[in-house]
Amino acid sequence: MSSGLKKALIAGGVIFIIVISLYGFIKGMYNNFVALDETVKASWAQVENQLQRRFDLIPNLVETVKGYAKQERDVLVEVTNARAKVGGAGNIPDKIQANNELSGALSRLLLVVERYPDLKSNQNFLHLQDELAGTENRIAVERKRYNDAVKSFNIAIRSFPANLFAGMFGFKSAAFFDAPAAAATPPAVKF
């Protein structure tokens with residue numbers, strides 16, 4: 001075998017190894033992006049399950065309060081309108097914003113309830129309030145899981161050299177489910 005042929009075979013072998021290694025690297029990176037993206041989607045689905053549970057509880061809660069607090073119509077309308085926005089939200093950022101508005105409206109509704117001792121002792125209302133509190137806790141847990149998945153995904157697609165390929169494959173940063181700005185200020189309780 002001539003030395004030129006040996007050099008060509010060695011160069012071909014090195015190129016083959018580099019191509020196979022690059023293929024494995026890109027394939028592994030892409031599959032990691034897909035797995036993290038699916039984790040974000042699955043986590044969001046769990047958040048939506050709990051948001052839907054809350055969404056379904058609200059009409060019963062509003063009807064129960066309506067019977068006792070007729071003069072608190074503005075708060076009841078606000079809760080109903082916020083619930084409608086949740087039902088009409090299309091994408092994840094819109095859903096997050098609509099649910100944050102609904103959370104604020106529900107807090108104001110529960111503050112109104114403090115003015116009505118008969119309502120606070122109503123068994124149906126107490127049951128609904130417990131259901132809502134449990135649902136809010138579930139939402140908080142699922143929001144944390146979702147935000148953890150988003151964090152992992154966003155770190156993966158923004159880290160070098162993965163960021164060079166993430167855009168090429170069409171992966172974009174996912175939105176966090178942040179607390180509304182109003183959550184920073186405690187609600188005013190008036191008696």
# chains A, B, ... in the order shown; residues from 1 in each chain; ligands from 1
>>> residues_around(residues="Leu128 in chain A", least_positions_apart="4", cutoff="9 Å", atoms="only C-alpha atoms", output="PyMOL selection string")
chain A and resi 57-58+60-61+64+123-124+132-133
>>> select_by_dssp(residues="range 12-190 of chain A", states="helix (DSSP H, G or I)", output="PyMOL selection string")
chain A and resi 12-68+70-88+92-113+117-121+123-158+162-169+181-184
>>> residues_around(residues="Gln46 in chain A", least_positions_apart="6", cutoff="12 Å", atoms="only C-alpha atoms", output="list of chain:residue names")
A:Thr39, A:Val40, A:Gln52, A:Arg53, A:Arg138, A:Ile139, A:Ala140, A:Val141, A:Glu142, A:Arg143, A:Lys144, A:Arg145, A:Tyr146, A:Asn147, A:Ala149
>>> write_last_selection(atoms="C-alpha atoms", output="PDB file, in the first residue's frame")
ATOM      1  CA  THR A  39     -41.733  18.228  30.043  1.00  0.00           C
ATOM      2  CA  VAL A  40     -42.738  21.904  29.800  1.00  0.00           C
ATOM      3  CA  GLN A  52     -59.892  24.232  35.066  1.00  0.00           C
ATOM      4  CA  ARG A  53     -60.858  22.844  38.469  1.00  0.00           C
ATOM      5  CA  ARG A 138     -52.640  22.467  43.857  1.00  0.00           C
ATOM      6  CA  ILE A 139     -52.245  25.334  41.402  1.00  0.00           C
ATOM      7  CA  ALA A 140     -49.269  26.636  43.392  1.00  0.00           C
ATOM      8  CA  VAL A 141     -47.595  23.215  43.307  1.00  0.00           C
ATOM      9  CA  GLU A 142     -48.219  22.762  39.589  1.00  0.00           C
ATOM     10  CA  ARG A 143     -47.057  26.327  38.846  1.00  0.00           C
ATOM     11  CA  LYS A 144     -43.790  25.560  40.623  1.00  0.00           C
ATOM     12  CA  ARG A 145     -43.334  22.338  38.675  1.00  0.00           C
ATOM     13  CA  TYR A 146     -44.115  24.154  35.432  1.00  0.00           C
ATOM     14  CA  ASN A 147     -41.687  26.975  36.240  1.00  0.00           C
ATOM     15  CA  ALA A 149     -39.520  22.701  33.744  1.00  0.00           C
TER      16      ALA A 149
END
>>> residues_around(residues="range 24-31 of chain A", least_positions_apart="4", cutoff="12 Å", atoms="only C-alpha atoms", output="PyMOL selection string")
chain A and resi 17-20+35-38+153+156-157+159-171
>>> write_last_selection(atoms="N, CA and C atoms", output="mmCIF file, in the first residue's frame")
data_model
loop_
_atom_site.group_PDB
_atom_site.id
_atom_site.type_symbol
_atom_site.label_atom_id
_atom_site.label_comp_id
_atom_site.auth_asym_id
_atom_site.auth_seq_id
_atom_site.Cartn_x
_atom_site.Cartn_y
_atom_site.Cartn_z
ATOM 1 N N ILE A 17 -15.048 9.697 11.598
ATOM 2 C CA ILE A 17 -15.219 9.739 13.056
ATOM 3 C C ILE A 17 -15.749 11.106 13.489
ATOM 4 N N ILE A 18 -15.231 12.172 12.883
ATOM 5 C CA ILE A 18 -15.706 13.516 13.215
ATOM 6 C C ILE A 18 -17.176 13.675 12.832
ATOM 7 N N VAL A 19 -17.550 13.200 11.645
ATOM 8 C CA VAL A 19 -18.941 13.314 11.190
ATOM 9 C C VAL A 19 -19.872 12.524 12.106
ATOM 10 N N ILE A 20 -19.489 11.306 12.448
ATOM 11 C CA ILE A 20 -20.306 10.470 13.341
ATOM 12 C C ILE A 20 -20.408 11.122 14.721
ATOM 13 N N ALA A 35 -37.150 16.445 24.737
ATOM 14 C CA ALA A 35 -37.569 15.916 26.042
ATOM 15 C C ALA A 35 -37.919 17.052 27.000
ATOM 16 N N LEU A 36 -37.104 18.090 27.026
ATOM 17 C CA LEU A 36 -37.377 19.227 27.914
ATOM 18 C C LEU A 36 -38.630 19.983 27.472
ATOM 19 N N ASP A 37 -38.812 20.132 26.163
ATOM 20 C CA ASP A 37 -40.009 20.797 25.638
ATOM 21 C C ASP A 37 -41.262 20.008 26.013
ATOM 22 N N GLU A 38 -41.199 18.700 25.927
ATOM 23 C CA GLU A 38 -42.346 17.867 26.303
ATOM 24 C C GLU A 38 -42.607 17.944 27.805
ATOM 25 N N PHE A 153 -35.634 23.987 30.574
ATOM 26 C CA PHE A 153 -35.717 24.099 29.121
ATOM 27 C C PHE A 153 -35.003 25.361 28.644
ATOM 28 N N ALA A 156 -31.289 25.102 28.872
ATOM 29 C CA ALA A 156 -30.751 24.203 27.844
ATOM 30 C C ALA A 156 -30.664 24.882 26.484
ATOM 31 N N ILE A 157 -31.679 25.642 26.116
ATOM 32 C CA ILE A 157 -31.651 26.233 24.770
ATOM 33 C C ILE A 157 -30.854 27.532 24.711
ATOM 34 N N SER A 159 -27.882 27.911 26.556
ATOM 35 C CA SER A 159 -26.487 27.615 26.889
ATOM 36 C C SER A 159 -25.684 27.365 25.613
ATOM 37 N N PHE A 160 -24.414 27.769 25.649
ATOM 38 C CA PHE A 160 -23.530 27.547 24.511
ATOM 39 C C PHE A 160 -23.001 26.129 24.573
ATOM 40 N N PRO A 161 -22.895 25.424 23.511
ATOM 41 C CA PRO A 161 -23.161 25.709 22.109
ATOM 42 C C PRO A 161 -24.591 25.345 21.686
ATOM 43 N N ALA A 162 -25.394 24.885 22.645
ATOM 44 C CA ALA A 162 -26.755 24.453 22.311
ATOM 45 C C ALA A 162 -27.571 25.583 21.707
ATOM 46 N N ASN A 163 -27.312 26.819 22.145
ATOM 47 C CA ASN A 163 -28.081 27.949 21.618
ATOM 48 C C ASN A 163 -27.890 28.122 20.112
ATOM 49 N N LEU A 164 -26.767 27.682 19.588
ATOM 50 C CA LEU A 164 -26.524 27.768 18.141
ATOM 51 C C LEU A 164 -27.478 26.853 17.366
ATOM 52 N N PHE A 165 -27.827 25.746 17.992
ATOM 53 C CA PHE A 165 -28.687 24.774 17.323
ATOM 54 C C PHE A 165 -30.161 24.933 17.682
ATOM 55 N N ALA A 166 -30.440 25.441 18.870
ATOM 56 C CA ALA A 166 -31.836 25.556 19.320
ATOM 57 C C ALA A 166 -32.654 26.410 18.368
ATOM 58 N N GLY A 167 -32.124 27.556 17.995
ATOM 59 C CA GLY A 167 -32.831 28.425 17.056
ATOM 60 C C GLY A 167 -33.001 27.766 15.703
ATOM 61 N N MET A 168 -31.976 27.063 15.275
ATOM 62 C CA MET A 168 -32.023 26.371 13.982
ATOM 63 C C MET A 168 -33.120 25.301 13.978
ATOM 64 N N PHE A 169 -33.341 24.674 15.116
ATOM 65 C CA PHE A 169 -34.372 23.635 15.234
ATOM 66 C C PHE A 169 -35.742 24.210 15.576
ATOM 67 N N GLY A 170 -35.817 25.521 15.813
ATOM 68 C CA GLY A 170 -37.104 26.166 16.078
ATOM 69 C C GLY A 170 -37.530 26.183 17.537
ATOM 70 N N PHE A 171 -36.615 25.929 18.459
ATOM 71 C CA PHE A 171 -36.953 25.965 19.880
ATOM 72 C C PHE A 171 -36.810 27.393 20.394
#
>>> closest_residue(among="A:Arg83, A:Arg54, A:Val62, A:Asn32", to="Glu131 in chain A", atoms="only C-alpha atoms")
A:Arg54
>>> decode(residues="range 110-129 of chain A", atoms="N, CA and C atoms", output="short mmCIF file (atom, residue, chain, number, x, y, z; two decimals), in the first residue's frame")
data_model
loop_
_atom_site.label_atom_id
_atom_site.label_comp_id
_atom_site.auth_asym_id
_atom_site.auth_seq_id
_atom_site.Cartn_x
_atom_site.Cartn_y
_atom_site.Cartn_z
N LEU A 110 -63.23 36.98 48.43
CA LEU A 110 -63.09 36.38 49.75
C LEU A 110 -62.98 37.45 50.84
N LEU A 111 -62.47 38.62 50.50
CA LEU A 111 -62.46 39.73 51.47
C LEU A 111 -63.87 40.23 51.72
N VAL A 112 -64.69 40.25 50.69
CA VAL A 112 -66.09 40.68 50.83
C VAL A 112 -66.82 39.75 51.79
N VAL A 113 -66.52 38.48 51.69
CA VAL A 113 -67.18 37.47 52.51
C VAL A 113 -67.00 37.75 54.00
N GLU A 114 -65.87 38.36 54.35
CA GLU A 114 -65.60 38.67 55.75
C GLU A 114 -66.69 39.55 56.36
N ARG A 115 -67.40 40.30 55.55
CA ARG A 115 -68.45 41.22 56.04
C ARG A 115 -69.78 40.49 56.34
N TYR A 116 -69.88 39.23 56.00
CA TYR A 116 -71.14 38.52 56.11
C TYR A 116 -70.99 37.27 56.98
N PRO A 117 -71.23 37.40 58.29
CA PRO A 117 -71.06 36.26 59.19
C PRO A 117 -71.96 35.09 58.84
N ASP A 118 -73.19 35.37 58.37
CA ASP A 118 -74.08 34.26 58.00
C ASP A 118 -73.51 33.46 56.83
N LEU A 119 -72.92 34.16 55.90
CA LEU A 119 -72.32 33.49 54.75
C LEU A 119 -71.12 32.66 55.18
N LYS A 120 -70.30 33.23 56.07
CA LYS A 120 -69.11 32.51 56.52
C LYS A 120 -69.48 31.21 57.23
N SER A 121 -70.68 31.13 57.80
CA SER A 121 -71.07 29.91 58.51
C SER A 121 -71.92 28.97 57.63
N ASN A 122 -72.24 29.38 56.41
CA ASN A 122 -73.04 28.55 55.50
C ASN A 122 -72.21 27.33 55.08
N GLN A 123 -72.76 26.13 55.27
CA GLN A 123 -72.03 24.89 54.99
C GLN A 123 -71.62 24.77 53.51
N ASN A 124 -72.52 25.15 52.63
CA ASN A 124 -72.21 25.09 51.20
C ASN A 124 -71.03 26.01 50.87
N PHE A 125 -71.07 27.23 51.43
CA PHE A 125 -69.98 28.16 51.18
C PHE A 125 -68.68 27.64 51.78
N LEU A 126 -68.74 27.11 53.00
CA LEU A 126 -67.53 26.59 53.64
C LEU A 126 -66.93 25.46 52.82
N HIS A 127 -67.79 24.59 52.29
CA HIS A 127 -67.30 23.49 51.45
C HIS A 127 -66.64 24.05 50.19
N LEU A 128 -67.30 25.00 49.54
CA LEU A 128 -66.73 25.59 48.32
C LEU A 128 -65.42 26.32 48.63
N GLN A 129 -65.38 27.02 49.76
CA GLN A 129 -64.17 27.74 50.14
C GLN A 129 -63.02 26.75 50.38
#
